[in-house]
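Notes for the one structure printed next.
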Amino acid sequence: MSTKTVLLTDAPAWETIQQAHQRIAPRIHRTPVLRSATLDVLTGAQLFFKCENLQKTGSFKIRGATNAIFSLSDAEAARGIVTHSSGNHAAAVSCAAAWRGVPAWIVMPKNAPVVKCKAVEAYGGRITFCEARVSARAEAAARIQAETGAVLIHPYDDDRIIAGQATAAKELLEDAGPLDAILSPVSGGGLLSGTALSAKHLQPDMQVYGCEPAQADDAYRSLQSGTLQSIDSSDTICDGLRASLAPRTFAILRELLNGVLLVSEEEIINAMVLIWERLKLITEPSSAIALAPLLRPGGAGSLFSPVRSPKIGIILSGGNVDLRSLPFR
C-alpha cells in the first residue's frame, strides 16, 4: 500500500460535492430520513436514520459509482470499467456502467455473499473471483486492467467516489436540519470521508464518528497511531467492512473525524435485529453497525454528555443481505 502523503487541501471541495449531487440526482433516489420513538428512548437520543438501504442497488455505493462513471469522457468510458469489491460497490459500478452503456469487469472475493454476486450479474457485470484478501482483489483488478485497457474505478481511493458518497450526508442535513453528530460505518473510508466533508462544511461544530468492527479495526488503529494501518483479511460478519483505509481517505479522516467506535459482532447483530424489528427495514450488518454504539449502557449520554437527548444522524449504508443466511435465525 502506498504511503504517499495526501493533504486535506487535495480533498474534494464543497463545489465539487455540489456538482456531484447535480450529476447523480436524476439517476438515484433521494432516500428518506426515518425516525423511531422506541429507538430514541432506548438510546436517549433523537435519531435520524438516512436510509441508503432503500437506495438503487441497495446501498449508498451507487452515489459514488454514478458520479465517477458519468464524470468520464466518452473516450474513457468506451474503454470499459474495472473495479474490485466485496459486493455493494461491485453492484453499483455494474449498474452505473450499464446506464452509461459500457462494459464492467468486476473482481470479487470468493466469500462474497451470493445475493451480492447475483446482483452484479443482473446488472451485467462480468465477475472474476479471487482469494478473500484485499491484496488479491487489487492484483486481479490490475491484471484485468492491463488486459482490457479498462478504466479503474477504485471503491474509495478516488475523489469522484468520495464526492459522490458525500451527497448522502448533504441530503441528511438538508432534510433533518442541524445535528449534534453523525455516525457512519467505516471500511475503506469513502462514505465516512464524504460524510465528514459534508458535515463539517455545513455545520463545523458537528461531531462525526466512524463505526468499525473490532475484528477489522484498521481505521481505529490508523487514527490512533497516526500511521496508515492495513488488514488483508477478516472474518467479521460485516462483509462490506473488510477493506482498509487508503492514503486519501486516511488524510481526510485524520483531519476531520472525531473518532472511531469499535463494535463487537454480538453488538452488530443486536443492532441489526432492532432495526429490523423497530424500523421494519432490511439492513445488512455493515449498515446496522452505525446504531450499535448507542445501544450500550448509558446510551448516547456515554458519548455525548452533557448534551441531553442529542440529535444524531445514522447512515444506514445498505440492505443487501442474504435472507437465507441471517445471523439471528
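In the C-alpha cells, each chain is lettered A, B, ... as it comes, each chain's residues begin at 1, and ligands are numbered from 1 in order of appearance.
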Tell me which protein, DNA and RNA residues are within 12 Å of A:Ile127, counting only C-alpha atoms, leaving out same-chain ones fewer than 5 positions away, and put them as a VMD selection string. chain A and resid 82 to 87 90 to 91 93 to 94 103 to 110 112 116 to 122 137 140 to 141 144
N, CA and C atoms of the current selection, written as a short mmCIF file (atom, residue, chain, number, x, y, z; two decimals), in the first residue's frame:
data_model
loop_
_atom_site.label_atom_id
_atom_site.label_comp_id
_atom_site.auth_asym_id
_atom_site.auth_seq_id
_atom_site.Cartn_x
_atom_site.Cartn_y
_atom_site.Cartn_z
N VAL A 82 -13.28 -1.24 -14.75
CA VAL A 82 -12.86 -2.36 -13.91
C VAL A 82 -12.81 -1.89 -12.47
N THR A 83 -13.21 -2.76 -11.56
CA THR A 83 -13.13 -2.44 -10.13
C THR A 83 -13.01 -3.72 -9.34
N HIS A 84 -12.78 -3.58 -8.04
CA HIS A 84 -12.79 -4.73 -7.13
C HIS A 84 -13.63 -4.36 -5.92
N SER A 85 -14.36 -5.35 -5.39
CA SER A 85 -15.32 -5.05 -4.33
C SER A 85 -15.84 -6.35 -3.72
N SER A 86 -16.25 -6.27 -2.45
CA SER A 86 -16.88 -7.42 -1.81
C SER A 86 -18.36 -7.53 -2.18
N GLY A 87 -18.90 -6.48 -2.81
CA GLY A 87 -20.29 -6.62 -3.24
C GLY A 87 -21.04 -5.36 -3.60
N ALA A 90 -19.42 -3.26 -6.24
CA ALA A 90 -19.45 -4.06 -7.46
C ALA A 90 -20.80 -3.91 -8.17
N ALA A 91 -21.88 -4.02 -7.41
CA ALA A 91 -23.21 -3.88 -7.99
C ALA A 91 -23.44 -2.47 -8.50
N VAL A 93 -21.18 -0.21 -9.54
CA VAL A 93 -20.41 0.03 -10.75
C VAL A 93 -21.05 -0.69 -11.94
N SER A 94 -21.51 -1.91 -11.73
CA SER A 94 -22.16 -2.65 -12.81
C SER A 94 -23.40 -1.91 -13.30
N PRO A 103 -19.06 -1.77 -20.80
CA PRO A 103 -18.85 -3.00 -20.03
C PRO A 103 -18.18 -2.73 -18.68
N ALA A 104 -18.39 -3.65 -17.74
CA ALA A 104 -17.78 -3.54 -16.42
C ALA A 104 -17.21 -4.90 -16.02
N TRP A 105 -15.91 -4.90 -15.71
CA TRP A 105 -15.25 -6.10 -15.20
C TRP A 105 -15.11 -5.96 -13.69
N ILE A 106 -15.61 -6.95 -12.95
CA ILE A 106 -15.71 -6.85 -11.50
C ILE A 106 -14.94 -7.98 -10.83
N VAL A 107 -14.00 -7.61 -9.97
CA VAL A 107 -13.28 -8.59 -9.17
C VAL A 107 -13.94 -8.68 -7.80
N MET A 108 -14.30 -9.91 -7.40
CA MET A 108 -14.95 -10.13 -6.10
C MET A 108 -14.27 -11.29 -5.38
N PRO A 109 -14.21 -11.23 -4.04
CA PRO A 109 -13.62 -12.34 -3.29
C PRO A 109 -14.53 -13.57 -3.34
N LYS A 110 -13.92 -14.72 -3.21
CA LYS A 110 -14.68 -15.97 -3.29
C LYS A 110 -15.75 -16.08 -2.21
N ALA A 112 -17.66 -13.64 -1.12
CA ALA A 112 -18.68 -12.59 -1.24
C ALA A 112 -20.07 -13.22 -1.14
N LYS A 116 -25.12 -10.70 -3.37
CA LYS A 116 -24.40 -9.59 -3.99
C LYS A 116 -23.82 -9.99 -5.34
N CYS A 117 -23.37 -11.23 -5.44
CA CYS A 117 -22.87 -11.72 -6.73
C CYS A 117 -23.99 -11.76 -7.77
N LYS A 118 -25.15 -12.21 -7.36
CA LYS A 118 -26.29 -12.27 -8.28
C LYS A 118 -26.69 -10.87 -8.73
N ALA A 119 -26.59 -9.90 -7.83
CA ALA A 119 -26.94 -8.53 -8.20
C ALA A 119 -25.97 -8.00 -9.26
N VAL A 120 -24.68 -8.27 -9.09
CA VAL A 120 -23.69 -7.84 -10.08
C VAL A 120 -24.01 -8.44 -11.44
N GLU A 121 -24.29 -9.72 -11.46
CA GLU A 121 -24.61 -10.39 -12.72
C GLU A 121 -25.89 -9.83 -13.34
N ALA A 122 -26.87 -9.52 -12.51
CA ALA A 122 -28.13 -8.98 -13.03
C ALA A 122 -27.94 -7.62 -13.69
N ARG A 137 -7.63 -8.86 -4.42
CA ARG A 137 -8.58 -8.09 -5.23
C ARG A 137 -7.85 -7.08 -6.11
N ALA A 140 -5.83 -8.74 -8.96
CA ALA A 140 -6.67 -9.23 -10.06
C ALA A 140 -7.21 -8.08 -10.90
N ALA A 141 -7.61 -6.99 -10.23
CA ALA A 141 -8.12 -5.83 -10.98
C ALA A 141 -7.02 -5.23 -11.86
N ILE A 144 -6.61 -7.40 -14.96
CA ILE A 144 -7.70 -7.20 -15.92
C ILE A 144 -7.57 -5.85 -16.61
#
Close residues, A:Ala37 itself excluded, 9 Å, only C-alpha atoms, min 3 positions apart in chain, as a CSV table (one decimal) with C-alpha atoms, in the first residue's frame:
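Below is the file that was written, result.csv:
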chain,number,residue,atom,x,y,z
A,40,ASP,CA,-35.0,7.2,20.7
A,41,VAL,CA,-36.0,6.0,24.2
A,42,LEU,CA,-33.5,3.1,24.1
A,46,GLN,CA,-33.2,11.8,18.8
A,47,LEU,CA,-32.2,9.6,15.9
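Nearest residue to A:His21 among A:Glu255, A:Asp74, A:Glu171, A:Asp232 is A:Glu171, counting only C-alpha atoms.
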Which residues are close to A:Trp14, i.e. within 8 Å by only C-alpha atoms, leaving aside same-chain residues fewer than 5 positions away? Reply as a list in words. Leu197, Ser198 and His201 of chain A
Those same residues, written as an mmCIF file, in the first residue's frame with C-alpha atoms?
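Listed below is the output, out-v1.cif:
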data_model
loop_
_atom_site.group_PDB
_atom_site.id
_atom_site.type_symbol
_atom_site.label_atom_id
_atom_site.label_comp_id
_atom_site.auth_asym_id
_atom_site.auth_seq_id
_atom_site.Cartn_x
_atom_site.Cartn_y
_atom_site.Cartn_z
ATOM 1 C CA LEU A 197 -16.555 16.695 4.360
ATOM 2 C CA SER A 198 -20.257 17.499 4.001
ATOM 3 C CA HIS A 201 -18.782 22.214 5.781
#
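Minimum atom-to-atom distances from A:Gly318, A:Gly124, A:Pro12, A:Pro213 to A:Ile269 were compared using only C-alpha atoms, and the lowest value belongs to A:Pro213.
Using only C-alpha atoms, the smallest distance between any of A:Tyr220, A:Tyr123, A:Phe250, A:Phe60 and A:Ala168 comes from A:Phe60.
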Enumerate as number ranges by chain all residues of stretch 14-239 of chain A assigned to helix (DSSP H, G or I) by DSSP on the backbone, naming them with the chain letters and numbers the document uses. A: 14-24, 37-43, 52-54, 56-58, 61-69, 74-78, 88-100, 114-122, 134-148, 159-176, 190-202, 214-216, 218-225, 239
